[in-house]
Amino acid sequence: MVEEFRRGAANAKRAGFDGVELHGANGYLVDQFLKDKTNRRTDRYGGSALNRARFLIEVTEAIVGEWGADRVGVRLAPTNPFNDIADSNPAATFTLAASELGKLGIVYLHIVEPLPTDPIAAGEKPDIAFFRRLWRGTLMGNKGYDFARANTALRDGIVDLVSFATLFLANPDLPERFHRGAALNPPDRPTFYAGGEKGYIDYPALLA
């Protein structure tokens, strides 16, 4: 599987990408290794937080080998329960994960921030301020940002970058809408990731 990730990174480079982000969040494979609800292995990839982070680190090392650390970011979601994923102590698990990633010198760490409803069974709440204290490099925040909140977070130094998800799904021209102070299309949540045209290519663009 590490080789599959490396090959994907190499293909992205051949295709002319500027860099790659490893998706280690939202219950996908890397997240399944990281979190103890899903990782029940008894070998060197299971048990301790360091062992559970081993797959993440090996994959990141392989991608860095293709691109160089200055072209690789990593996205993590310490508490996002999407896909029925959870960890009994996300603060401890992701402190370890961030520390190990920091040793690789990746260009940024991208954090999906907790919602009030996210399960946090033990330890400190690993919100973006938590990672600001841990992470020496560029930090990107994600989850429920709008234009005002993003600018406040940037101004206060809580984050260096902000990513938008829901707003971009409904507003493919989101940067221009922000620039003009224009109204936003409301997102049609039932169409999210449904696989059809509706909700992907039918949101109206701004008039010239």
# chains A, B, ... in the order shown; residues from 1 in each chain; ligands from 1
call {"tool": "closest_atom_pairs", "arguments": {"of": "segment 33-121 of chain A", "to": "segment 157-180 of chain A", "cutoff": "10 Å", "atoms": "only C-alpha atoms", "output": "Markdown table"}}
result
| residue | atom | partner | partner_atom | distance |
| --- | --- | --- | --- | --- |
| A:Tyr108 | CA | A:Leu161 | CA | 9.2 |
| A:Leu109 | CA | A:Leu161 | CA | 9.9 |
| A:His110 | CA | A:Ser163 | CA | 8.5 |
| A:Ile111 | CA | A:Ser163 | CA | 9.5 |
| A:Val112 | CA | A:Ser163 | CA | 9.4 |
call {"tool": "write_last_selection", "arguments": {"atoms": "all heavy atoms", "output": "short mmCIF file (atom, residue, chain, number, x, y, z; two decimals), in the first residue's frame"}}
result
data_model
loop_
_atom_site.label_atom_id
_atom_site.label_comp_id
_atom_site.auth_asym_id
_atom_site.auth_seq_id
_atom_site.Cartn_x
_atom_site.Cartn_y
_atom_site.Cartn_z
N TYR A 108 3.18 21.77 4.97
CA TYR A 108 2.10 22.23 5.84
C TYR A 108 1.38 21.05 6.47
O TYR A 108 1.44 19.92 5.98
CB TYR A 108 1.09 23.12 5.09
CG TYR A 108 0.29 22.44 4.00
CD1 TYR A 108 -0.82 21.64 4.32
CD2 TYR A 108 0.60 22.61 2.66
CE1 TYR A 108 -1.57 21.02 3.33
CE2 TYR A 108 -0.15 22.00 1.67
CZ TYR A 108 -1.23 21.20 2.01
OH TYR A 108 -1.97 20.59 1.03
N LEU A 109 0.69 21.34 7.56
CA LEU A 109 -0.21 20.41 8.22
C LEU A 109 -1.61 20.99 8.11
O LEU A 109 -1.84 22.15 8.46
CB LEU A 109 0.18 20.22 9.68
CG LEU A 109 -0.67 19.23 10.49
CD1 LEU A 109 -0.51 17.82 9.94
CD2 LEU A 109 -0.26 19.27 11.97
N HIS A 110 -2.55 20.18 7.64
CA HIS A 110 -3.93 20.60 7.36
C HIS A 110 -4.84 19.87 8.34
O HIS A 110 -4.93 18.65 8.32
CB HIS A 110 -4.25 20.22 5.91
CG HIS A 110 -5.57 20.69 5.42
ND1 HIS A 110 -6.01 20.41 4.15
CD2 HIS A 110 -6.56 21.42 6.00
CE1 HIS A 110 -7.20 20.95 3.96
NE2 HIS A 110 -7.56 21.56 5.09
N ILE A 111 -5.52 20.62 9.21
CA ILE A 111 -6.31 20.02 10.29
C ILE A 111 -7.80 20.28 10.07
O ILE A 111 -8.23 21.43 9.93
CB ILE A 111 -5.89 20.59 11.66
CG1 ILE A 111 -4.43 20.23 11.96
CG2 ILE A 111 -6.82 20.09 12.77
CD1 ILE A 111 -4.17 18.74 12.13
N VAL A 112 -8.58 19.19 10.07
CA VAL A 112 -10.04 19.30 10.13
C VAL A 112 -10.40 19.47 11.60
O VAL A 112 -10.17 18.59 12.41
CB VAL A 112 -10.72 18.05 9.55
CG1 VAL A 112 -12.24 18.19 9.62
CG2 VAL A 112 -10.28 17.82 8.11
#
call {"tool": "residues_around", "arguments": {"residues": "Leu134 of chain A", "least_positions_apart": "4", "cutoff": "12 Å", "atoms": "only C-alpha atoms", "output": "list in words"}}
result
Ala91, Ala92, Phe94, Thr95, Leu96, Ala97, Ala98, Ser99, Glu100, Leu101, Gly102, Leu109, Pro126, Asp127, Ile128, Ala129, Phe130, Thr138, Leu139 and Ile158 of chain A
call {"tool": "write_last_selection", "arguments": {"atoms": "all heavy atoms", "output": "compact mmCIF listing (two decimals), in the first residue's frame"}}
result
# COMPACT_ATOMS: atom_id res chain seq x y z
N ALA A 91 -6.10 13.63 21.40
CA ALA A 91 -5.04 14.60 21.70
C ALA A 91 -3.68 13.90 21.75
O ALA A 91 -2.70 14.38 21.19
CB ALA A 91 -5.33 15.30 23.02
N ALA A 92 -3.62 12.76 22.42
CA ALA A 92 -2.36 12.03 22.52
C ALA A 92 -1.95 11.43 21.18
O ALA A 92 -0.78 11.53 20.76
CB ALA A 92 -2.49 10.92 23.57
N PHE A 94 -2.70 12.36 18.12
CA PHE A 94 -2.32 13.31 17.08
C PHE A 94 -1.18 14.24 17.50
O PHE A 94 -0.53 14.84 16.65
CB PHE A 94 -3.55 14.06 16.59
CG PHE A 94 -4.41 13.19 15.72
CD1 PHE A 94 -5.35 12.34 16.27
CD2 PHE A 94 -4.22 13.17 14.36
CE1 PHE A 94 -6.12 11.51 15.47
CE2 PHE A 94 -4.97 12.34 13.54
CZ PHE A 94 -5.92 11.50 14.11
N THR A 95 -0.91 14.32 18.79
CA THR A 95 0.34 14.96 19.22
C THR A 95 1.52 14.15 18.70
O THR A 95 2.49 14.71 18.16
CB THR A 95 0.40 15.06 20.75
OG1 THR A 95 -0.59 15.98 21.21
CG2 THR A 95 1.77 15.55 21.22
N LEU A 96 1.42 12.84 18.85
CA LEU A 96 2.48 11.96 18.35
C LEU A 96 2.58 12.04 16.83
O LEU A 96 3.68 12.17 16.28
CB LEU A 96 2.18 10.53 18.82
CG LEU A 96 3.15 9.39 18.50
CD1 LEU A 96 3.07 8.90 17.08
CD2 LEU A 96 4.58 9.76 18.86
N ALA A 97 1.44 12.00 16.15
CA ALA A 97 1.46 12.04 14.69
C ALA A 97 2.07 13.35 14.18
O ALA A 97 2.89 13.36 13.26
CB ALA A 97 0.05 11.87 14.14
N ALA A 98 1.69 14.47 14.79
CA ALA A 98 2.23 15.76 14.37
C ALA A 98 3.73 15.83 14.63
O ALA A 98 4.49 16.38 13.82
CB ALA A 98 1.51 16.89 15.09
N SER A 99 4.16 15.30 15.76
CA SER A 99 5.58 15.31 16.07
C SER A 99 6.39 14.52 15.03
O SER A 99 7.44 14.98 14.57
CB SER A 99 5.80 14.71 17.47
OG SER A 99 7.18 14.58 17.75
N GLU A 100 5.89 13.36 14.65
CA GLU A 100 6.59 12.54 13.67
C GLU A 100 6.58 13.19 12.29
O GLU A 100 7.59 13.17 11.57
CB GLU A 100 5.96 11.14 13.61
CG GLU A 100 6.13 10.33 14.88
CD GLU A 100 7.60 10.09 15.21
OE1 GLU A 100 8.33 9.59 14.33
OE2 GLU A 100 8.02 10.41 16.35
N LEU A 101 5.46 13.80 11.92
CA LEU A 101 5.41 14.50 10.64
C LEU A 101 6.34 15.71 10.62
O LEU A 101 6.96 16.02 9.60
CB LEU A 101 3.98 14.96 10.35
CG LEU A 101 2.98 13.86 9.98
CD1 LEU A 101 1.56 14.43 9.95
CD2 LEU A 101 3.32 13.23 8.64
N GLY A 102 6.46 16.38 11.77
CA GLY A 102 7.35 17.53 11.85
C GLY A 102 8.80 17.17 11.55
O GLY A 102 9.55 17.98 11.00
N LEU A 109 0.69 21.34 7.56
CA LEU A 109 -0.21 20.41 8.22
C LEU A 109 -1.61 20.99 8.11
O LEU A 109 -1.84 22.15 8.46
CB LEU A 109 0.18 20.22 9.68
CG LEU A 109 -0.67 19.23 10.49
CD1 LEU A 109 -0.51 17.82 9.94
CD2 LEU A 109 -0.26 19.27 11.97
N PRO A 126 -8.33 18.53 20.77
CA PRO A 126 -7.31 18.88 19.77
C PRO A 126 -7.86 19.81 18.69
O PRO A 126 -8.04 19.43 17.54
CB PRO A 126 -6.91 17.52 19.20
CG PRO A 126 -8.14 16.69 19.35
CD PRO A 126 -8.87 17.18 20.57
N ASP A 127 -8.11 21.07 19.09
CA ASP A 127 -8.60 22.05 18.13
C ASP A 127 -7.41 22.71 17.44
O ASP A 127 -6.25 22.33 17.63
CB ASP A 127 -9.50 23.07 18.82
CG ASP A 127 -8.81 23.80 19.96
OD1 ASP A 127 -7.56 23.71 20.08
OD2 ASP A 127 -9.51 24.45 20.75
N ILE A 128 -7.68 23.73 16.63
CA ILE A 128 -6.60 24.33 15.85
C ILE A 128 -5.60 25.05 16.74
O ILE A 128 -4.39 25.07 16.45
CB ILE A 128 -7.17 25.26 14.75
CG1 ILE A 128 -6.13 25.48 13.64
CG2 ILE A 128 -7.68 26.55 15.33
CD1 ILE A 128 -5.84 24.25 12.82
N ALA A 129 -6.06 25.62 17.86
CA ALA A 129 -5.13 26.27 18.78
C ALA A 129 -4.19 25.24 19.40
O ALA A 129 -3.01 25.53 19.67
CB ALA A 129 -5.91 27.00 19.87
N PHE A 130 -4.69 24.04 19.64
CA PHE A 130 -3.87 22.93 20.14
C PHE A 130 -2.72 22.66 19.18
O PHE A 130 -1.56 22.52 19.60
CB PHE A 130 -4.77 21.71 20.29
CG PHE A 130 -4.10 20.44 20.73
CD1 PHE A 130 -3.99 20.14 22.08
CD2 PHE A 130 -3.62 19.54 19.81
CE1 PHE A 130 -3.39 18.96 22.49
CE2 PHE A 130 -3.02 18.35 20.20
CZ PHE A 130 -2.90 18.06 21.56
N THR A 138 3.87 25.66 8.63
CA THR A 138 2.63 26.24 8.13
C THR A 138 1.45 25.36 8.54
O THR A 138 1.47 24.14 8.34
CB THR A 138 2.69 26.37 6.60
OG1 THR A 138 3.77 27.25 6.27
CG2 THR A 138 1.39 26.94 6.04
N LEU A 139 0.43 26.01 9.11
CA LEU A 139 -0.74 25.30 9.61
C LEU A 139 -1.98 25.78 8.88
O LEU A 139 -2.24 26.98 8.79
CB LEU A 139 -0.89 25.55 11.12
CG LEU A 139 -2.03 24.84 11.84
CD1 LEU A 139 -1.85 23.32 11.81
CD2 LEU A 139 -2.13 25.32 13.29
N ILE A 158 -3.78 32.26 14.40
CA ILE A 158 -4.17 30.89 14.78
C ILE A 158 -3.85 29.92 13.66
O ILE A 158 -3.49 28.77 13.89
CB ILE A 158 -5.66 30.85 15.15
CG1 ILE A 158 -5.93 31.74 16.36
CG2 ILE A 158 -6.11 29.42 15.44
CD1 ILE A 158 -7.39 31.92 16.66
call {"tool": "residues_around", "arguments": {"residues": "Leu56 of chain A", "least_positions_apart": "5", "cutoff": "9 Å", "atoms": "only C-alpha atoms", "output": "list in words"}}
result
Leu22, Gly24, Val30, Asp31, Phe33, Leu34, Glu61, Ala97 and Leu101 of chain A
call {"tool": "select_by_dssp", "arguments": {"residues": "segment 34-145 of chain A", "states": "strand (DSSP E)", "output": "PyMOL selection string"}}
result
chain A and resi 72-76+108-112+138-142
call {"tool": "atom_distance", "arguments": {"atom1": "atom CA of Tyr145 of chain A", "atom2": "atom CA of Asn185 of chain A"}}
result
15.1 Å
call {"tool": "residues_around", "arguments": {"residues": "Ala86 of chain A", "least_positions_apart": "3", "cutoff": "12 Å", "atoms": "only C-alpha atoms", "output": "MDAnalysis selection string"}}
result
chainID A and resid 25:28 31:39 77:83 89:91 93 114 118:122
call {"tool": "write_last_selection", "arguments": {"atoms": "C-alpha atoms", "output": "mmCIF file, in the first residue's frame"}}
result
data_model
loop_
_atom_site.group_PDB
_atom_site.id
_atom_site.type_symbol
_atom_site.label_atom_id
_atom_site.label_comp_id
_atom_site.auth_asym_id
_atom_site.auth_seq_id
_atom_site.Cartn_x
_atom_site.Cartn_y
_atom_site.Cartn_z
ATOM 1 C CA ALA A 25 -8.497 12.060 7.472
ATOM 2 C CA ASN A 26 -12.207 11.219 7.498
ATOM 3 C CA GLY A 27 -12.039 7.488 8.035
ATOM 4 C CA TYR A 28 -10.032 6.635 4.927
ATOM 5 C CA ASP A 31 -7.044 7.411 9.385
ATOM 6 C CA GLN A 32 -8.076 3.802 9.957
ATOM 7 C CA PHE A 33 -4.505 2.970 10.927
ATOM 8 C CA LEU A 34 -4.181 6.028 13.184
ATOM 9 C CA LYS A 35 -7.297 5.575 15.293
ATOM 10 C CA ASP A 36 -7.776 2.848 17.827
ATOM 11 C CA LYS A 37 -11.464 2.260 17.089
ATOM 12 C CA THR A 38 -10.488 0.676 13.783
ATOM 13 C CA ASN A 39 -6.856 -0.312 14.274
ATOM 14 C CA ALA A 77 -8.914 14.929 11.243
ATOM 15 C CA PRO A 78 -8.350 14.105 14.905
ATOM 16 C CA THR A 79 -12.024 13.980 15.916
ATOM 17 C CA ASN A 80 -14.140 13.946 12.742
ATOM 18 C CA PRO A 81 -16.522 10.945 13.140
ATOM 19 C CA PHE A 82 -17.209 10.641 9.393
ATOM 20 C CA ASN A 83 -17.274 6.999 8.262
ATOM 21 C CA ASN A 89 -7.530 9.825 23.072
ATOM 22 C CA PRO A 90 -7.160 11.983 19.957
ATOM 23 C CA ALA A 91 -5.038 14.601 21.704
ATOM 24 C CA THR A 93 -2.585 10.189 19.197
ATOM 25 C CA PRO A 114 -13.522 19.525 15.925
ATOM 26 C CA ASP A 118 -17.354 15.304 17.682
ATOM 27 C CA PRO A 119 -16.486 12.461 20.079
ATOM 28 C CA ILE A 120 -13.564 13.303 22.356
ATOM 29 C CA ALA A 121 -13.295 10.565 24.952
ATOM 30 C CA ALA A 122 -10.172 11.652 26.788
#
call {"tool": "closest_residue", "arguments": {"among": "A:Thr42, A:Ser88, A:Thr152, A:Asn51", "to": "Lys125 of chain A", "atoms": "only C-alpha atoms"}}
result
A:Ser88
call {"tool": "select_by_dssp", "arguments": {"residues": "segment 116-172 of chain A", "states": "helix (DSSP H, G or I)", "output": "list in words"}}
result
Ile128, Ala129, Phe130, Phe131, Arg132, Arg133, Leu134, Phe147, Ala148, Arg149, Ala150, Asn151, Thr152, Ala153, Leu154, Arg155, Thr166, Leu167, Phe168, Leu169 and Ala170 of chain A
call {"tool": "closest_residue", "arguments": {"among": "A:Ala69, A:Asp84, A:Gly199, A:Pro187", "to": "Gly137 of chain A", "atoms": "only C-alpha atoms"}}
result
A:Ala69
call {"tool": "residues_around", "arguments": {"residues": "Asp156 of chain A", "least_positions_apart": "6", "cutoff": "12 Å", "atoms": "only C-alpha atoms", "output": "list in words"}}
result
Ala129, Arg132, Arg149 and Ala150 of chain A
call {"tool": "write_last_selection", "arguments": {"atoms": "N, CA, C and O atoms", "output": "PDB file, in the first residue's frame"}}
result
ATOM      1  N   ALA A 129      -6.058  25.620  17.855  1.00  0.00           N
ATOM      2  CA  ALA A 129      -5.132  26.266  18.785  1.00  0.00           C
ATOM      3  C   ALA A 129      -4.185  25.239  19.404  1.00  0.00           C
ATOM      4  O   ALA A 129      -3.015  25.528  19.673  1.00  0.00           O
ATOM      5  N   ARG A 132      -1.578  24.721  16.862  1.00  0.00           N
ATOM      6  CA  ARG A 132      -0.725  25.900  16.730  1.00  0.00           C
ATOM      7  C   ARG A 132       0.423  25.839  17.728  1.00  0.00           C
ATOM      8  O   ARG A 132       1.551  26.246  17.419  1.00  0.00           O
ATOM      9  N   ARG A 149     -14.730  34.642   9.513  1.00  0.00           N
ATOM     10  CA  ARG A 149     -14.009  33.804  10.481  1.00  0.00           C
ATOM     11  C   ARG A 149     -12.604  33.483   9.988  1.00  0.00           C
ATOM     12  O   ARG A 149     -11.645  33.455  10.761  1.00  0.00           O
ATOM     13  N   ALA A 150     -12.475  33.226   8.692  1.00  0.00           N
ATOM     14  CA  ALA A 150     -11.158  32.925   8.132  1.00  0.00           C
ATOM     15  C   ALA A 150     -10.209  34.100   8.313  1.00  0.00           C
ATOM     16  O   ALA A 150      -9.058  33.929   8.735  1.00  0.00           O
TER      17      ALA A 150
END
call {"tool": "closest_residue", "arguments": {"among": "A:Ala53, A:Ser48, A:Arg40, A:Gly68", "to": "Ala9 of chain A", "atoms": "only C-alpha atoms"}}
result
A:Gly68
call {"tool": "closest_residue", "arguments": {"among": "A:Met1, A:Val64, A:Leu50, A:Val72", "to": "Val20 of chain A", "atoms": "only C-alpha atoms"}}
result
A:Val72
call {"tool": "atom_distance", "arguments": {"atom1": "atom CA of Asp202 of chain A", "atom2": "atom CA of Phe147 of chain A"}}
result
22.9 Å
